[in-house]
>>> print(open('model.cif').read())   # mmCIF, N, CA and C atoms
data_coords
loop_
_atom_site.label_atom_id
_atom_site.label_comp_id
_atom_site.auth_asym_id
_atom_site.auth_seq_id
_atom_site.Cartn_x
_atom_site.Cartn_y
_atom_site.Cartn_z
N MET A 212 51.51 -68.86 -100.28
CA MET A 212 52.64 -68.31 -99.57
C MET A 212 52.93 -69.10 -98.29
N ALA A 213 51.90 -69.30 -97.49
CA ALA A 213 52.08 -69.96 -96.20
C ALA A 213 52.54 -71.39 -96.37
N ASN A 214 51.95 -72.11 -97.31
CA ASN A 214 52.34 -73.50 -97.52
C ASN A 214 53.79 -73.61 -97.99
N THR A 215 54.20 -72.69 -98.83
CA THR A 215 55.57 -72.71 -99.35
C THR A 215 56.57 -72.45 -98.23
N THR A 216 56.34 -71.40 -97.45
CA THR A 216 57.29 -71.10 -96.37
C THR A 216 57.27 -72.20 -95.31
N TRP A 217 56.09 -72.75 -95.04
CA TRP A 217 56.00 -73.85 -94.07
C TRP A 217 56.82 -75.04 -94.55
N ALA A 218 56.71 -75.37 -95.84
CA ALA A 218 57.46 -76.51 -96.39
C ALA A 218 58.97 -76.28 -96.26
N PHE A 219 59.42 -75.09 -96.60
CA PHE A 219 60.85 -74.80 -96.46
C PHE A 219 61.29 -74.88 -95.00
N ALA A 220 60.48 -74.36 -94.10
CA ALA A 220 60.84 -74.38 -92.68
C ALA A 220 60.92 -75.81 -92.15
N THR A 221 60.00 -76.66 -92.56
CA THR A 221 60.05 -78.04 -92.07
C THR A 221 61.27 -78.79 -92.62
N LEU A 222 61.79 -78.32 -93.75
CA LEU A 222 63.00 -78.92 -94.34
C LEU A 222 64.27 -78.18 -93.91
N TRP A 223 64.13 -77.15 -93.12
CA TRP A 223 65.25 -76.30 -92.69
C TRP A 223 66.00 -75.73 -93.88
N HIS A 224 65.26 -75.39 -94.93
CA HIS A 224 65.84 -74.79 -96.12
C HIS A 224 65.49 -73.31 -96.11
N ARG A 225 66.47 -72.45 -96.32
CA ARG A 225 66.30 -71.01 -96.15
C ARG A 225 66.61 -70.25 -97.44
N PRO A 226 65.71 -70.28 -98.43
CA PRO A 226 65.95 -69.56 -99.68
C PRO A 226 65.67 -68.05 -99.49
N VAL A 227 66.68 -67.30 -99.14
CA VAL A 227 66.52 -65.90 -98.73
C VAL A 227 65.78 -65.05 -99.77
N PRO A 228 66.12 -65.07 -101.07
CA PRO A 228 65.37 -64.22 -102.02
C PRO A 228 63.87 -64.53 -102.03
N LEU A 229 63.53 -65.80 -101.97
CA LEU A 229 62.12 -66.17 -101.94
C LEU A 229 61.45 -65.71 -100.65
N LEU A 230 62.13 -65.89 -99.53
CA LEU A 230 61.58 -65.47 -98.24
C LEU A 230 61.36 -63.96 -98.20
N ARG A 231 62.28 -63.20 -98.77
CA ARG A 231 62.10 -61.73 -98.83
C ARG A 231 60.86 -61.37 -99.63
N ALA A 232 60.67 -62.03 -100.76
CA ALA A 232 59.50 -61.75 -101.61
C ALA A 232 58.21 -62.11 -100.88
N VAL A 233 58.21 -63.28 -100.24
CA VAL A 233 57.01 -63.71 -99.50
C VAL A 233 56.74 -62.76 -98.35
N ARG A 234 57.80 -62.37 -97.64
CA ARG A 234 57.63 -61.46 -96.50
C ARG A 234 56.96 -60.16 -96.96
N GLY A 235 57.43 -59.58 -98.05
CA GLY A 235 56.83 -58.33 -98.54
C GLY A 235 55.36 -58.49 -98.87
N ARG A 236 55.05 -59.55 -99.54
CA ARG A 236 53.66 -59.79 -99.94
C ARG A 236 52.79 -60.11 -98.71
N ALA A 237 53.33 -60.91 -97.81
CA ALA A 237 52.57 -61.31 -96.61
C ALA A 237 52.27 -60.10 -95.73
N VAL A 238 53.23 -59.21 -95.58
CA VAL A 238 53.01 -58.03 -94.76
C VAL A 238 51.93 -57.14 -95.39
N GLU A 239 51.97 -56.99 -96.71
CA GLU A 239 50.95 -56.20 -97.41
C GLU A 239 49.55 -56.77 -97.19
N GLN A 240 49.46 -58.09 -97.15
CA GLN A 240 48.16 -58.76 -97.08
C GLN A 240 47.85 -59.31 -95.69
N ALA A 241 48.63 -58.97 -94.70
CA ALA A 241 48.50 -59.59 -93.37
C ALA A 241 47.08 -59.58 -92.82
N THR A 242 46.40 -58.46 -92.94
CA THR A 242 45.05 -58.38 -92.37
C THR A 242 44.03 -59.16 -93.18
N GLN A 243 44.40 -59.59 -94.38
CA GLN A 243 43.49 -60.36 -95.22
C GLN A 243 43.74 -61.87 -95.14
N LEU A 244 44.82 -62.26 -94.49
CA LEU A 244 45.16 -63.68 -94.38
C LEU A 244 44.35 -64.35 -93.27
N ALA A 245 43.99 -65.58 -93.51
CA ALA A 245 43.31 -66.37 -92.48
C ALA A 245 44.29 -66.64 -91.34
N PRO A 246 43.79 -66.87 -90.14
CA PRO A 246 44.68 -67.14 -89.01
C PRO A 246 45.70 -68.25 -89.27
N GLN A 247 45.26 -69.33 -89.93
CA GLN A 247 46.21 -70.42 -90.19
C GLN A 247 47.33 -69.97 -91.13
N GLU A 248 46.98 -69.22 -92.15
CA GLU A 248 48.01 -68.74 -93.09
C GLU A 248 49.02 -67.84 -92.38
N LEU A 249 48.52 -66.89 -91.62
CA LEU A 249 49.42 -65.95 -90.95
C LEU A 249 50.25 -66.65 -89.87
N SER A 250 49.63 -67.54 -89.10
CA SER A 250 50.41 -68.22 -88.06
C SER A 250 51.46 -69.14 -88.69
N ASN A 251 51.14 -69.78 -89.81
CA ASN A 251 52.12 -70.61 -90.50
C ASN A 251 53.28 -69.76 -91.04
N LEU A 252 52.95 -68.59 -91.56
CA LEU A 252 54.00 -67.71 -92.09
C LEU A 252 54.95 -67.25 -90.98
N VAL A 253 54.41 -66.73 -89.90
CA VAL A 253 55.30 -66.24 -88.84
C VAL A 253 56.04 -67.40 -88.17
N TRP A 254 55.39 -68.56 -88.07
CA TRP A 254 56.08 -69.74 -87.53
C TRP A 254 57.26 -70.11 -88.44
N SER A 255 57.03 -70.09 -89.74
CA SER A 255 58.09 -70.42 -90.69
C SER A 255 59.26 -69.45 -90.58
N PHE A 256 58.95 -68.16 -90.53
CA PHE A 256 60.02 -67.16 -90.41
C PHE A 256 60.81 -67.35 -89.12
N ALA A 257 60.12 -67.62 -88.03
CA ALA A 257 60.81 -67.82 -86.75
C ALA A 257 61.65 -69.09 -86.78
N THR A 258 61.11 -70.15 -87.35
CA THR A 258 61.83 -71.41 -87.43
C THR A 258 63.12 -71.25 -88.23
N LEU A 259 63.05 -70.45 -89.29
CA LEU A 259 64.22 -70.23 -90.14
C LEU A 259 65.06 -69.03 -89.68
N ALA A 260 64.69 -68.45 -88.53
CA ALA A 260 65.39 -67.26 -88.01
C ALA A 260 65.48 -66.18 -89.08
N PHE A 261 64.34 -65.96 -89.73
CA PHE A 261 64.25 -64.95 -90.80
C PHE A 261 63.36 -63.83 -90.30
N SER A 262 63.92 -62.68 -90.14
CA SER A 262 63.23 -61.52 -89.56
C SER A 262 62.02 -61.08 -90.38
N LEU A 263 61.10 -60.43 -89.71
CA LEU A 263 59.99 -59.80 -90.42
C LEU A 263 60.42 -58.51 -91.10
N GLY A 264 61.66 -58.14 -90.93
CA GLY A 264 62.19 -56.95 -91.58
C GLY A 264 62.10 -55.75 -90.67
N THR A 265 61.32 -54.80 -91.06
CA THR A 265 61.22 -53.54 -90.32
C THR A 265 60.24 -53.64 -89.16
N VAL A 266 60.31 -52.67 -88.28
CA VAL A 266 59.35 -52.58 -87.18
C VAL A 266 57.94 -52.40 -87.75
N ALA A 267 57.82 -51.64 -88.83
CA ALA A 267 56.52 -51.42 -89.45
C ALA A 267 55.93 -52.74 -89.96
N ASN A 268 56.75 -53.60 -90.52
CA ASN A 268 56.28 -54.92 -90.97
C ASN A 268 55.75 -55.72 -89.78
N ALA A 269 56.52 -55.74 -88.72
CA ALA A 269 56.13 -56.48 -87.53
C ALA A 269 54.81 -55.95 -86.98
N LYS A 270 54.67 -54.65 -86.94
CA LYS A 270 53.44 -54.05 -86.41
C LYS A 270 52.24 -54.40 -87.28
N GLN A 271 52.44 -54.49 -88.59
CA GLN A 271 51.34 -54.86 -89.50
C GLN A 271 50.87 -56.29 -89.20
N VAL A 272 51.81 -57.17 -88.93
CA VAL A 272 51.46 -58.55 -88.56
C VAL A 272 50.70 -58.55 -87.24
N VAL A 273 51.15 -57.77 -86.29
CA VAL A 273 50.50 -57.70 -84.98
C VAL A 273 49.07 -57.17 -85.12
N VAL A 274 48.87 -56.18 -85.97
CA VAL A 274 47.52 -55.65 -86.22
C VAL A 274 46.61 -56.78 -86.71
N ALA A 275 47.11 -57.60 -87.60
CA ALA A 275 46.32 -58.72 -88.12
C ALA A 275 46.00 -59.72 -87.01
N VAL A 276 46.97 -60.05 -86.19
CA VAL A 276 46.76 -61.01 -85.10
C VAL A 276 45.71 -60.49 -84.12
N ARG A 277 45.74 -59.20 -83.83
CA ARG A 277 44.76 -58.62 -82.90
C ARG A 277 43.31 -58.86 -83.32
N HIS A 278 43.08 -59.01 -84.61
CA HIS A 278 41.71 -59.17 -85.11
C HIS A 278 41.25 -60.63 -85.19
N TRP A 279 42.11 -61.57 -84.80
CA TRP A 279 41.74 -62.97 -84.90
C TRP A 279 40.53 -63.35 -84.07
N GLY A 280 40.31 -62.68 -82.96
CA GLY A 280 39.18 -63.02 -82.11
C GLY A 280 37.85 -62.91 -82.82
N ARG A 281 37.82 -62.14 -83.87
CA ARG A 281 36.58 -61.95 -84.65
C ARG A 281 36.44 -62.98 -85.77
N CYS A 282 37.44 -63.78 -85.96
CA CYS A 282 37.47 -64.73 -87.08
C CYS A 282 36.96 -66.10 -86.64
N PRO A 283 35.95 -66.64 -87.32
CA PRO A 283 35.39 -67.93 -86.90
C PRO A 283 36.37 -69.10 -87.05
N SER A 284 37.38 -68.98 -87.90
CA SER A 284 38.32 -70.10 -88.08
C SER A 284 39.52 -70.04 -87.14
N PHE A 285 39.53 -69.07 -86.24
CA PHE A 285 40.61 -68.90 -85.27
C PHE A 285 40.62 -70.05 -84.27
N THR A 286 41.79 -70.67 -84.05
CA THR A 286 41.89 -71.79 -83.11
C THR A 286 43.03 -71.55 -82.12
N PRO A 287 43.04 -72.32 -81.04
CA PRO A 287 44.14 -72.21 -80.08
C PRO A 287 45.51 -72.50 -80.70
N ARG A 288 45.56 -73.39 -81.68
CA ARG A 288 46.83 -73.71 -82.34
C ARG A 288 47.40 -72.47 -83.04
N HIS A 289 46.54 -71.71 -83.71
CA HIS A 289 47.00 -70.48 -84.37
C HIS A 289 47.58 -69.52 -83.34
N LEU A 290 46.88 -69.42 -82.23
CA LEU A 290 47.32 -68.53 -81.15
C LEU A 290 48.70 -68.94 -80.63
N ALA A 291 48.86 -70.23 -80.34
CA ALA A 291 50.13 -70.70 -79.81
C ALA A 291 51.26 -70.55 -80.81
N ASN A 292 51.01 -70.90 -82.07
CA ASN A 292 52.06 -70.76 -83.09
C ASN A 292 52.49 -69.32 -83.27
N ALA A 293 51.52 -68.43 -83.37
CA ALA A 293 51.85 -67.01 -83.56
C ALA A 293 52.54 -66.43 -82.34
N ALA A 294 52.08 -66.81 -81.15
CA ALA A 294 52.70 -66.29 -79.93
C ALA A 294 54.15 -66.75 -79.85
N TRP A 295 54.39 -68.04 -80.12
CA TRP A 295 55.76 -68.55 -80.07
C TRP A 295 56.62 -67.83 -81.11
N ALA A 296 56.10 -67.72 -82.33
CA ALA A 296 56.89 -67.12 -83.42
C ALA A 296 57.22 -65.66 -83.13
N LEU A 297 56.24 -64.90 -82.69
CA LEU A 297 56.49 -63.48 -82.42
C LEU A 297 57.43 -63.31 -81.22
N ALA A 298 57.34 -64.22 -80.26
CA ALA A 298 58.27 -64.18 -79.13
C ALA A 298 59.68 -64.52 -79.62
N GLU A 299 59.79 -65.53 -80.44
CA GLU A 299 61.08 -65.97 -80.98
C GLU A 299 61.72 -64.87 -81.84
N LEU A 300 60.89 -64.18 -82.62
CA LEU A 300 61.39 -63.11 -83.49
C LEU A 300 61.62 -61.81 -82.72
N ARG A 301 61.23 -61.81 -81.45
CA ARG A 301 61.38 -60.63 -80.58
C ARG A 301 60.74 -59.38 -81.20
N VAL A 302 59.52 -59.57 -81.65
CA VAL A 302 58.78 -58.51 -82.31
C VAL A 302 58.13 -57.57 -81.30
N LEU A 303 57.75 -58.10 -80.14
CA LEU A 303 57.00 -57.33 -79.15
C LEU A 303 57.73 -57.26 -77.83
N GLU A 304 57.60 -56.13 -77.17
CA GLU A 304 58.05 -56.03 -75.78
C GLU A 304 57.05 -56.82 -74.93
N GLU A 305 57.45 -57.19 -73.72
CA GLU A 305 56.59 -58.04 -72.89
C GLU A 305 55.20 -57.44 -72.69
N GLU A 306 55.12 -56.16 -72.42
CA GLU A 306 53.82 -55.53 -72.19
C GLU A 306 52.95 -55.59 -73.44
N GLU A 307 53.54 -55.34 -74.61
CA GLU A 307 52.79 -55.42 -75.86
C GLU A 307 52.33 -56.85 -76.12
N PHE A 308 53.20 -57.80 -75.81
CA PHE A 308 52.89 -59.22 -75.99
C PHE A 308 51.64 -59.58 -75.19
N GLN A 309 51.62 -59.15 -73.93
CA GLN A 309 50.47 -59.40 -73.07
C GLN A 309 49.22 -58.73 -73.64
N ASP A 310 49.39 -57.52 -74.13
CA ASP A 310 48.28 -56.75 -74.66
C ASP A 310 47.66 -57.40 -75.90
N VAL A 311 48.50 -57.99 -76.74
CA VAL A 311 48.01 -58.63 -77.97
C VAL A 311 47.38 -59.98 -77.67
N PHE A 312 48.09 -60.83 -76.92
CA PHE A 312 47.66 -62.21 -76.77
C PHE A 312 46.71 -62.46 -75.59
N GLY A 313 46.73 -61.61 -74.58
CA GLY A 313 45.84 -61.78 -73.45
C GLY A 313 44.37 -61.84 -73.85
N PRO A 314 43.88 -60.82 -74.58
CA PRO A 314 42.47 -60.86 -74.99
C PRO A 314 42.13 -62.05 -75.89
N LEU A 315 43.07 -62.46 -76.74
CA LEU A 315 42.80 -63.60 -77.62
C LEU A 315 42.61 -64.88 -76.83
N CYS A 316 43.31 -64.98 -75.71
CA CYS A 316 43.18 -66.18 -74.87
C CYS A 316 41.75 -66.35 -74.38
N GLN A 317 41.07 -65.26 -74.16
CA GLN A 317 39.70 -65.35 -73.68
C GLN A 317 38.78 -65.96 -74.74
N HIS A 318 39.15 -65.82 -76.02
CA HIS A 318 38.34 -66.40 -77.09
C HIS A 318 38.47 -67.92 -77.17
N ILE A 319 39.52 -68.47 -76.60
CA ILE A 319 39.69 -69.93 -76.66
C ILE A 319 39.29 -70.61 -75.36
N LYS A 320 38.82 -69.84 -74.40
CA LYS A 320 38.51 -70.38 -73.07
C LYS A 320 37.59 -71.60 -73.14
N ASP A 321 36.54 -71.54 -73.94
CA ASP A 321 35.59 -72.65 -74.01
C ASP A 321 36.20 -73.91 -74.64
N ASP A 322 37.21 -73.73 -75.48
CA ASP A 322 37.82 -74.87 -76.16
C ASP A 322 38.80 -75.63 -75.27
N ILE A 323 39.32 -74.99 -74.25
CA ILE A 323 40.47 -75.51 -73.54
C ILE A 323 40.22 -76.86 -72.87
N GLU A 324 39.10 -77.04 -72.21
CA GLU A 324 38.88 -78.30 -71.49
C GLU A 324 38.31 -79.38 -72.40
N GLN A 325 37.98 -79.04 -73.64
CA GLN A 325 37.37 -80.01 -74.54
C GLN A 325 38.32 -80.51 -75.62
N ASP A 326 39.45 -79.88 -75.78
CA ASP A 326 40.30 -80.15 -76.94
C ASP A 326 41.76 -80.27 -76.52
N ASP A 327 42.37 -81.41 -76.79
CA ASP A 327 43.77 -81.62 -76.44
C ASP A 327 44.68 -80.59 -77.10
N LYS A 328 44.38 -80.21 -78.34
CA LYS A 328 45.21 -79.22 -79.02
C LYS A 328 45.11 -77.86 -78.33
N ALA A 329 43.93 -77.55 -77.84
CA ALA A 329 43.76 -76.29 -77.11
C ALA A 329 44.57 -76.32 -75.82
N LEU A 330 44.58 -77.47 -75.16
CA LEU A 330 45.38 -77.60 -73.94
C LEU A 330 46.87 -77.47 -74.24
N THR A 331 47.30 -78.06 -75.34
CA THR A 331 48.70 -77.95 -75.74
C THR A 331 49.04 -76.49 -76.02
N ALA A 332 48.14 -75.78 -76.67
CA ALA A 332 48.35 -74.36 -76.95
C ALA A 332 48.46 -73.57 -75.65
N LEU A 333 47.61 -73.90 -74.69
CA LEU A 333 47.65 -73.22 -73.40
C LEU A 333 48.99 -73.45 -72.70
N VAL A 334 49.47 -74.67 -72.74
CA VAL A 334 50.77 -74.96 -72.13
C VAL A 334 51.85 -74.14 -72.81
N ALA A 335 51.81 -74.06 -74.14
CA ALA A 335 52.79 -73.26 -74.88
C ALA A 335 52.74 -71.80 -74.43
N LEU A 336 51.56 -71.29 -74.25
CA LEU A 336 51.41 -69.90 -73.82
C LEU A 336 51.87 -69.72 -72.39
N LYS A 337 51.64 -70.71 -71.53
CA LYS A 337 52.14 -70.62 -70.15
C LYS A 337 53.67 -70.61 -70.14
N VAL A 338 54.28 -71.41 -71.01
CA VAL A 338 55.74 -71.44 -71.11
C VAL A 338 56.26 -70.07 -71.53
N LEU A 339 55.51 -69.37 -72.37
CA LEU A 339 55.89 -68.02 -72.80
C LEU A 339 55.56 -66.98 -71.72
N LYS A 340 55.02 -67.45 -70.59
CA LYS A 340 54.70 -66.60 -69.44
C LYS A 340 53.64 -65.55 -69.76
N LEU A 341 52.70 -65.92 -70.62
CA LEU A 341 51.60 -65.02 -70.92
C LEU A 341 50.68 -64.97 -69.71
N LYS A 342 50.34 -63.77 -69.30
CA LYS A 342 49.47 -63.60 -68.12
C LYS A 342 48.01 -63.67 -68.54
N ASP A 343 47.14 -63.75 -67.56
CA ASP A 343 45.70 -63.73 -67.76
C ASP A 343 45.20 -64.84 -68.67
N LEU A 344 45.79 -66.02 -68.56
CA LEU A 344 45.32 -67.15 -69.34
C LEU A 344 44.08 -67.74 -68.69
N PRO A 345 43.19 -68.32 -69.50
CA PRO A 345 42.02 -68.98 -68.91
C PRO A 345 42.47 -70.11 -67.99
N GLU A 346 41.73 -70.30 -66.94
CA GLU A 346 42.06 -71.36 -65.98
C GLU A 346 41.50 -72.69 -66.47
N VAL A 347 42.23 -73.74 -66.20
CA VAL A 347 41.73 -75.10 -66.45
C VAL A 347 41.91 -75.87 -65.16
N ALA A 348 41.27 -77.01 -65.11
CA ALA A 348 41.41 -77.83 -63.91
C ALA A 348 42.89 -78.09 -63.68
N PRO A 349 43.41 -77.82 -62.49
CA PRO A 349 44.84 -77.98 -62.22
C PRO A 349 45.39 -79.36 -62.55
N GLU A 350 44.58 -80.40 -62.33
CA GLU A 350 45.07 -81.75 -62.63
C GLU A 350 45.25 -81.97 -64.13
N VAL A 351 44.43 -81.32 -64.94
CA VAL A 351 44.56 -81.43 -66.40
C VAL A 351 45.86 -80.76 -66.84
N LEU A 352 46.08 -79.55 -66.36
CA LEU A 352 47.27 -78.82 -66.74
C LEU A 352 48.53 -79.51 -66.22
N SER A 353 48.51 -79.97 -64.99
CA SER A 353 49.71 -80.60 -64.44
C SER A 353 50.02 -81.91 -65.18
N SER A 354 49.01 -82.63 -65.65
CA SER A 354 49.28 -83.85 -66.40
C SER A 354 49.97 -83.54 -67.73
N LEU A 355 49.70 -82.40 -68.31
CA LEU A 355 50.36 -82.01 -69.57
C LEU A 355 51.78 -81.54 -69.33
N LEU A 356 52.04 -80.97 -68.18
CA LEU A 356 53.37 -80.43 -67.89
C LEU A 356 54.36 -81.49 -67.42
N ARG A 357 53.91 -82.71 -67.20
CA ARG A 357 54.81 -83.79 -66.74
C ARG A 357 55.66 -84.31 -67.85
#
>>> encode(input="model.cif", output="structure tokens")
Amino acid sequence: MANTTWAFATLWHRPVPLLRAVRGRAVEQATQLAPQELSNLVWSFATLAFSLGTVANAKQVVVAVRHWGRCPSFTPRHLANAAWALAELRVLEEEEFQDVFGPLCQHIKDDIEQDDKALTALVALKVLKLKDLPEVAPEVLSSLLR
């Protein structure tokens, strides 16, 4: 599912019947999807401006994202992609957004100064104005923002 929607999104192709079918299945299985699969799905939907459908669908995706901190394959890239996509899809109010992504940021704290992708993810989250982000050396962050 994730690879298919990702491929369509990178080609800017929007096959609505297929996206509806994938959305239904993805929402049903959201808590069982790996972080990369779920972040790719929501990124694809946001890129194609394709809604998650109902509020209940969106909440099911958010429930899955909340549990990523417990997943060993969770990375800063997943966090940044999902945060951008959910912000773009306007799924969460600002307070809810902070509540979901703030704690997850603490799980990537150790990765931030060691991994360029983690730093890129942090910059993406700062652009989204997420509060309570882990601190990095100011010179590292400012060099990325130039």
>>> residues_near_point(input="model.cif", point="(44.0, -62.7, -83.9)", cutoff="9 Å", atoms="only C-alpha atoms", output="PyMOL selection string")
chain A and resi 246+273-282+285+289-290+293+311-312+315
>>> select_by_dssp(input="model.cif", residues="region 262-316 of chain A", states="helix (DSSP H, G or I)", output="VMD selection string")
chain A and resid 266 to 277 279 to 281 287 to 299 305 to 316
>>> residues_near_point(input="model.cif", point="(50.9, -57.6, -88.9)", cutoff="8 Å", atoms="all atoms listed in the file", output="ChimeraX atom specification")
/A:237-242,267-277
>>> atom_distance(input="model.cif", atom1="atom C of His224 (chain A)", atom2="CA of Leu259 (chain A)")
6.8 Å
>>> atom_distance(input="model.cif", atom1="atom N of Ala291 (chain A)", atom2="atom C of Pro228 (chain A)")
27.0 Å
